[in-house]
Amino acid sequence: MLDKYYEHELVEKDVYESWEKDKDFVSQANQPNSEPFCIVIPPPNVTGTLHMGHALNNTLQDILIRFQRMQGKDVLWQPGMDHAGIATEMVVERELAKNNIKKSDLSRDEFVKKVWEWKDVSGGQILNQLKRLGASCNWDRERFTFDEGLSEAVRYVFIELFNQGLIYRDKRLSNWDPKLKTTISDLEVIQKEIKGNLWYIEYDIENSDEKIIVATTRPETMLGDTGIAVHPDDDRYKNLIGKNAILPLVNKSIKIVADEYAKSDQGSGAVKITPAHDFNDYEVGKRNKLEIINIFDEDACLNKNVPEKYQGLDRYDARQIIIEDLTEIGKLIKIEENLHTVPYGDRSDVVIEPLLTDQWFVDAEKLAAQAIKKVKEKETNFIPKNWEKTYYEWMENIQPWCISRQLLWGHQIPVWYGPDRKPFAANSYEDALNLAKNHYGKNVNIEQDTDVLDTWFSSALWPFSTLGWPEKTVEFDKYYPTSVLVTGFDIIFFWVARMMMMALHFTETIPFKDVYVHALVRDEKGQKMSKSKGNVIDPIVLMDQYGADSLRMTLCSMAAQGRDIKLSAQRVEGYRNFITKIWNAIKYFEINDCHHSNTNLEKCKNDFNIWILKQLVQCENETKKALETYRFNEAANTLYKFTWNIFCDWYIELSKTILSEPSHDDKIETQNVASYVLNNIMIMLHPIMPFITEHLWKEIDFINQNNSKKIIHSEWPKIIETDKDDNGNVNKLIEIISSIRSTRSELNVPPKAMVEICYDDNQSGLNEIFNKYSTALSSIAKIKSVQDFKGPRSEGDIQIIHENETFFLKLFNIIDFKEESIRLKKNLSKVSSEIEKIRIKLDSKNFIENAPEDIIQEQKDRLDEYLSSKLKIEDAIKSFSS
RNA sequence: GGGCACGUAGCUCAGUGGUAGAGCAUCACGUUGACAUCGUGGGGGUUGUUGGUUCGAUCCCAACCGUGCCCACCA
């Protein structure tokens with residue numbers, strides 16, 4: 001016997017352990033022709049812990065994986081983790097700081113060793129959390145972006161791109177993170193709106209009494225100014241073009257140039273140019289051949305290129321002092337408040353400084369062409385489709401990708417420099433040495449580049465590097481290109497786009513056929529969850545409280561395409577109740593000794609059984625279609641409604657009339673059908689709710705129809721279609737029972753009071769229902785008996801109209817007739833207003849002339865039905881008032 | 001500035017060119033046989049506004065208002 005309640009804590013642990021023990025996640029599809037289905041997991045950071053985004057992302061993947069496994073496909077869900085360069089380095093630095101160790105105290109090798117030590121002890125916590133969620137990954141194939149095989153792929157790709165000229169070293173302005181002391185890519189820069197000031201500074205014109213005023217949001221950068229730009233058509237400044245201004249505090253002469261970049265209506269119309277520290281100024285500087293002076297060191301403190309007084313100052317301290325100094329010499333003309341955006345590092349959250357440095361770049365523009373083309377040609381499809389536009393937008397305006405990072409934890413750039421700094425890209429020191437020897441014609445000393453690659457460089461190879469590429473492997477042949485990538489929209493640029501580019505360049509095929517882009521999980525008020533706001537809902541806490549299946553079902557049912565998910569615990573509770581409902585339903589069938597024997601379900605005779613089997617077919621069709629088209633919410637809702645509102649609310653209730661009787665053919669048939677339907681509900685629910693379904697499958701043998709396989713390996717149902725038909729009787733019965741219940745409730749008939757029905761038995765539709773289902777009417781609608789009725793209606797006969805037939809509840813002495821009068825009037829007004837609406841439609845010439853015939857007929861039929869009801873209601877009202 | 005979503009019941013959200021739905025909340029009634037983590041019934045809507053297309057629009061189109069996000073720029 002099942003326990004009173006489902007104890008998810010114990011069950012989930014047991015079930016998962018048994019899956020792992022029996023290697024149930026390894027595909028058991030052994031047929032040589034079984035179709036492959038493969039998903040590569042978006043590798044979580046090795047530092048990560050499960051948040052709601054992961055929970056959603058992996059729930060959806062697991063649903064697809066389990067669903068396809070049940071379809072008999074050869075399934076691989078490739079798991080693994082990302083070494084997450086910056087994130088991990090920051091975590092380990094923090095750990096070291098607890099022991100008063102600084103990163104700079106350690107050598108490169110020592111630091112990397114510390115990171116590995118940290119990883120072995122504290123890394124990868126998230127994988128266990130994914131297991132709690134039920135993720136059925138092929139864990140024995142777990143990969144790490146820092147594994148030797150994947151590192152090999154990274155080196156291979158780098159060297160190839162280098163040799164093809166698609167990776168190059170360049171000195172240009174890059175985003176410099178002064179806290180992490182590394183460059184970062186454009187994508188890692190976040191623009192924030194900041195309230196600042198606009199300072200107006202006056203410069204003297206050389207050899208003249210004239211002045212020029214510039215406006216700036218960053219006065220400290222003036223120390224690196226090498227020019228002033230004005231618009232060529234700006235009459236105010238035309239006479240100054242070509243002259244020199246004296247840079248205050250530095251007392252240096254800088255050139256005034258004409259450049260269209262200067263906008264007359266902004267600031268003072270004259271803009272100071274700091275080519276080394278601003279992307280626009282850099283371009284202006286190049287156009288006008290201005291000197292480039294770098295005034296910052298790697299901490300964003302002022303360096304030796306500024307007057308001694310300011311050397312070594314932090315940029316913001318310098319700003320303060322410069323403002324004071326300018327004020328003192330009377331050169332600060334005015335200060336305006338100014339709202340402007342400032343670039344911040346996404347990891348460090350400090351202001352990014354554009355800095356002129358040597359870095360490695362990928363020529364993304366060249367790689368993007370194919371990546372755009374393959375989506376346009378629909379080889380790869382985004383779902384929902386609107387993300388394709390975002391993808392094109394970015395791809396078509398793609399900038400060179402800065403891939404070098406001045407960090408320690410990452411793939412060290414496989415480049416060695418000769419004595420003249422000539423770079424040799426090679427797989428190893430020895431290979432590089434040979435290249436150098438060939439080049440120089442003698443043995444030379446070479447030194448490896450100390451930078452590492454952007455984490456996303458290795459992630460970009462993930463779909464094929466995890467399958468063993470560049471080696472030729474069985475897995476690569478079988479599973480690549482992968483079937484679908486499931487990811488959040490926030491990493492379309494970071495990851496999806498780059499995988500497309502790398503895959504097409506190196507494997508000459510798309511990396512995945514579909515990209516399912518899911519939404520963000522927000523809190524119940526629609527706020528983005530964040531630690532600082534304190535509104536984070538921890539999926540682990542929800543799983544502790546309600547179980548993993550409840551959380552999965554919640555996420556699945558809310559994963560409608562194109563909308564963010566606002567999650568609340570209350571919703572999860574609702575789906576926990578759904579699980580309880582299933583639990584109790586199964587207890588009922590267990591008590592009633594339901595089991596499956598070899599009865600031919602096709603030959604079912606009982607209407608209830610025929611009906612539920614037809615409903616099941618419909619449910620299966622809809623669920624399957626929904627999952628095949630990534631409509632997760634529709635799948636969840638279809639199953640929920642079928643299980644609760646059809647199977648439990650009606651089939652179970654109707655079956656009670658049969659199962660409570662002594663054994664007879666109908667009973668045996670019902671026991672069979674009930675177990676068959678439950679069996680299929682369990683299978684269809686399994687992808688969404690794997691734990692409870694696997695548990696019940698094992699515990700209850702009438703669900704697991706003598707099948708020794710676990711549910712995880714069950715085949716998706718092929719529902720038996722009955723050749724009989726109930727002629728719509730059961731649906732009609734349900735409608736009639738609902739009408740009776742509604743009437744009883746409105747008239748305050750005591751719930752347990754048994755009442756009589758009388759009706760004119762010339763109404764053949766009602767006749768069949770009342771004769772055939774008297775037991776059901778009795779138990780569910782509390783109908784004592786049904787009588788023919790020919791003569792005039794007697795007092796207390798309450799009319800109920802179903803379609804165009806009428807029957808009466810005999811409620812004399814039971815009800816208050818005032819209530820009935822109210823009920824009738826309410827019904828009359830409802831019917832009248834419907835009639836009015838339809839009449840307007842049918843009276844319209846346009847409608848009659850233009851609408852299709854079947855729509856017109858439908859409206860006419862509805863009108864007839866309502867008119868007949870109206871007469872009957874009016875009749876009843878009349879009889880009451882008399 | 002460019003782009004993309006979204007506006008439907010008190011809340012969270014589905015959905016559809018022809019009768020607008022669910023969950024939660026709310027109200028009434030109901031517990032000795034699957035289930036109070038429940039059942040039955042009720043109330044609750046000018047589908048953001050204004051136009052257009054159409055016989056017919058909540059759905060398609062346009063504009064507007066409001067909300068959220070992405071990209072770019074900002075002296």
# chains A, B, ... in the order shown; residues from 1 in each chain; ligands from 1

call {"tool": "interface_residues", "arguments": {"of": "chain A", "to": "chain B", "cutoff": "6 Å", "atoms": "only C-alpha atoms (C1' of nucleotides)", "output": "list of chain:residue names"}}
result
A:Ala215, A:Thr216, A:Gly267, A:Val271, A:Asn577, A:Asn584, A:Ala585, A:Lys587, A:Tyr588, A:Ser742, A:Ser745, A:Asn846, A:Phe847, A:Asn850, A:Ala851

call {"tool": "residues_around", "arguments": {"residues": "C59 of chain B", "least_positions_apart": "4", "cutoff": "12 Å", "atoms": "only C-alpha atoms (C1' of nucleotides)", "output": "list of chain:residue names"}}
result
B:U8, B:G15, B:U16, B:G17, B:G18, B:A20, B:U47

call {"tool": "closest_residue", "arguments": {"among": "A:Phe589, A:Phe457, A:Trp650, A:Phe506", "to": "Val362 of chain A", "atoms": "only C-alpha atoms"}}
result
A:Phe457

call {"tool": "select_by_dssp", "arguments": {"residues": "segment 216-348 of chain A", "states": "alpha helix (DSSP H)", "output": "list in words"}}
result
Phe279, Asn280, Asp281, Tyr282, Glu283, Val284, Gly285, Lys286, Arg287, Arg315, Tyr316, Asp317, Ala318, Arg319, Gln320, Ile321, Ile322, Ile323, Glu324, Asp325, Leu326, Thr327 and Glu328 of chain A

call {"tool": "write_last_selection", "arguments": {"atoms": "N, CA and C atoms", "output": "short mmCIF file (atom, residue, chain, number, x, y, z; two decimals), in the first residue's frame"}}
result
data_model
loop_
_atom_site.label_atom_id
_atom_site.label_comp_id
_atom_site.auth_asym_id
_atom_site.auth_seq_id
_atom_site.Cartn_x
_atom_site.Cartn_y
_atom_site.Cartn_z
N PHE A 279 37.66 56.00 -27.34
CA PHE A 279 37.58 55.34 -28.65
C PHE A 279 37.36 56.34 -29.78
N ASN A 280 36.52 57.35 -29.54
CA ASN A 280 36.29 58.34 -30.59
C ASN A 280 37.52 59.22 -30.79
N ASP A 281 38.11 59.63 -29.66
CA ASP A 281 39.28 60.49 -29.75
C ASP A 281 40.42 59.79 -30.48
N TYR A 282 40.48 58.49 -30.30
CA TYR A 282 41.52 57.70 -30.96
C TYR A 282 41.38 57.84 -32.48
N GLU A 283 40.14 57.75 -32.95
CA GLU A 283 39.88 57.88 -34.39
C GLU A 283 40.19 59.30 -34.86
N VAL A 284 39.75 60.29 -34.07
CA VAL A 284 40.03 61.68 -34.43
C VAL A 284 41.55 61.89 -34.49
N GLY A 285 42.22 61.34 -33.50
CA GLY A 285 43.67 61.48 -33.43
C GLY A 285 44.35 60.90 -34.65
N LYS A 286 43.87 59.71 -35.05
CA LYS A 286 44.48 59.08 -36.22
C LYS A 286 44.25 59.92 -37.48
N ARG A 287 43.00 60.42 -37.62
CA ARG A 287 42.67 61.23 -38.81
C ARG A 287 43.52 62.49 -38.88
N ARG A 315 42.91 57.75 -10.63
CA ARG A 315 42.25 58.65 -11.59
C ARG A 315 41.22 59.57 -10.94
N TYR A 316 40.54 59.06 -9.88
CA TYR A 316 39.50 59.91 -9.28
C TYR A 316 40.09 60.92 -8.31
N ASP A 317 41.17 60.54 -7.63
CA ASP A 317 41.88 61.52 -6.80
C ASP A 317 42.44 62.61 -7.70
N ALA A 318 42.99 62.17 -8.83
CA ALA A 318 43.58 63.13 -9.77
C ALA A 318 42.51 64.10 -10.25
N ARG A 319 41.33 63.57 -10.54
CA ARG A 319 40.25 64.43 -11.02
C ARG A 319 39.99 65.56 -10.02
N GLN A 320 39.90 65.18 -8.74
CA GLN A 320 39.61 66.14 -7.69
C GLN A 320 40.68 67.24 -7.64
N ILE A 321 41.92 66.80 -7.67
CA ILE A 321 43.03 67.75 -7.55
C ILE A 321 43.10 68.66 -8.78
N ILE A 322 42.85 68.05 -9.93
CA ILE A 322 42.90 68.85 -11.16
C ILE A 322 41.80 69.93 -11.16
N ILE A 323 40.61 69.53 -10.69
CA ILE A 323 39.52 70.51 -10.58
C ILE A 323 39.95 71.68 -9.67
N GLU A 324 40.55 71.32 -8.54
CA GLU A 324 41.01 72.35 -7.60
C GLU A 324 42.06 73.24 -8.25
N ASP A 325 43.00 72.59 -8.92
CA ASP A 325 44.10 73.36 -9.53
C ASP A 325 43.58 74.28 -10.63
N LEU A 326 42.62 73.77 -11.41
CA LEU A 326 42.07 74.59 -12.49
C LEU A 326 41.30 75.78 -11.91
N THR A 327 40.59 75.50 -10.84
CA THR A 327 39.84 76.57 -10.19
C THR A 327 40.80 77.66 -9.72
N GLU A 328 41.88 77.21 -9.13
CA GLU A 328 42.87 78.13 -8.58
C GLU A 328 43.44 79.07 -9.64
#

call {"tool": "select_by_dssp", "arguments": {"residues": "segment 45-243 of chain A", "states": "strand (DSSP E)", "output": "compact mmCIF listing (two decimals) with C-alpha atoms, in the first residue's frame"}}
result
# COMPACT_ATOMS: atom_id res chain seq x y z
CA ASP A 74 19.94 7.20 -29.43
CA VAL A 75 20.29 9.99 -26.92
CA LEU A 76 23.32 11.82 -25.60
CA TRP A 77 23.16 14.68 -23.16
CA GLN A 78 26.74 15.84 -22.97
CA GLY A 80 30.44 19.41 -18.35
CA MET A 81 31.73 22.61 -16.89
CA ARG A 143 34.04 17.29 -19.79
CA PHE A 144 35.81 20.36 -18.49
CA ILE A 167 43.93 35.59 -35.50
CA TYR A 168 46.34 38.47 -35.32
CA ARG A 169 48.15 40.63 -32.83
CA ASP A 170 47.38 44.30 -32.89
CA LYS A 171 48.08 47.43 -30.90
CA ARG A 172 44.81 49.18 -30.45
CA LEU A 173 42.56 50.71 -27.90
CA SER A 174 40.96 48.00 -25.77
CA ASN A 175 38.73 47.90 -22.72
CA TRP A 176 41.03 47.72 -19.73
CA ASP A 177 39.77 46.55 -16.39
CA THR A 182 43.29 42.64 -17.94
CA THR A 183 41.57 43.59 -21.14
CA ILE A 184 38.02 42.44 -21.62
CA VAL A 189 31.49 45.91 -20.72
CA ILE A 190 28.23 47.13 -19.24
CA GLN A 191 27.09 50.70 -19.80
CA LYS A 192 25.63 52.32 -16.72
CA GLU A 193 23.87 55.63 -16.52
CA ILE A 194 25.62 57.86 -14.02
CA LYS A 195 24.93 61.35 -12.72
CA GLY A 196 28.10 63.28 -13.32
CA ASN A 197 29.32 66.72 -14.17
CA LEU A 198 30.29 68.51 -17.29
CA TRP A 199 33.28 70.70 -16.54
CA TYR A 200 34.00 73.67 -18.82
CA ILE A 201 37.70 74.44 -19.05
CA GLU A 202 39.28 77.42 -20.72
CA TYR A 203 42.47 77.05 -22.75
CA ASP A 204 44.60 79.97 -23.93
CA ILE A 205 45.40 80.23 -27.59
CA LYS A 211 40.61 81.64 -25.53
CA ILE A 212 38.83 78.41 -26.30
CA ILE A 213 36.55 76.59 -23.92
CA VAL A 214 36.11 72.83 -23.94
CA ALA A 215 33.63 70.76 -21.97
CA THR A 216 34.48 67.39 -20.50
CA GLY A 227 44.47 68.27 -29.56
CA ILE A 228 41.16 70.11 -29.64
CA ALA A 229 38.57 69.40 -32.31
CA VAL A 230 35.96 71.80 -33.63
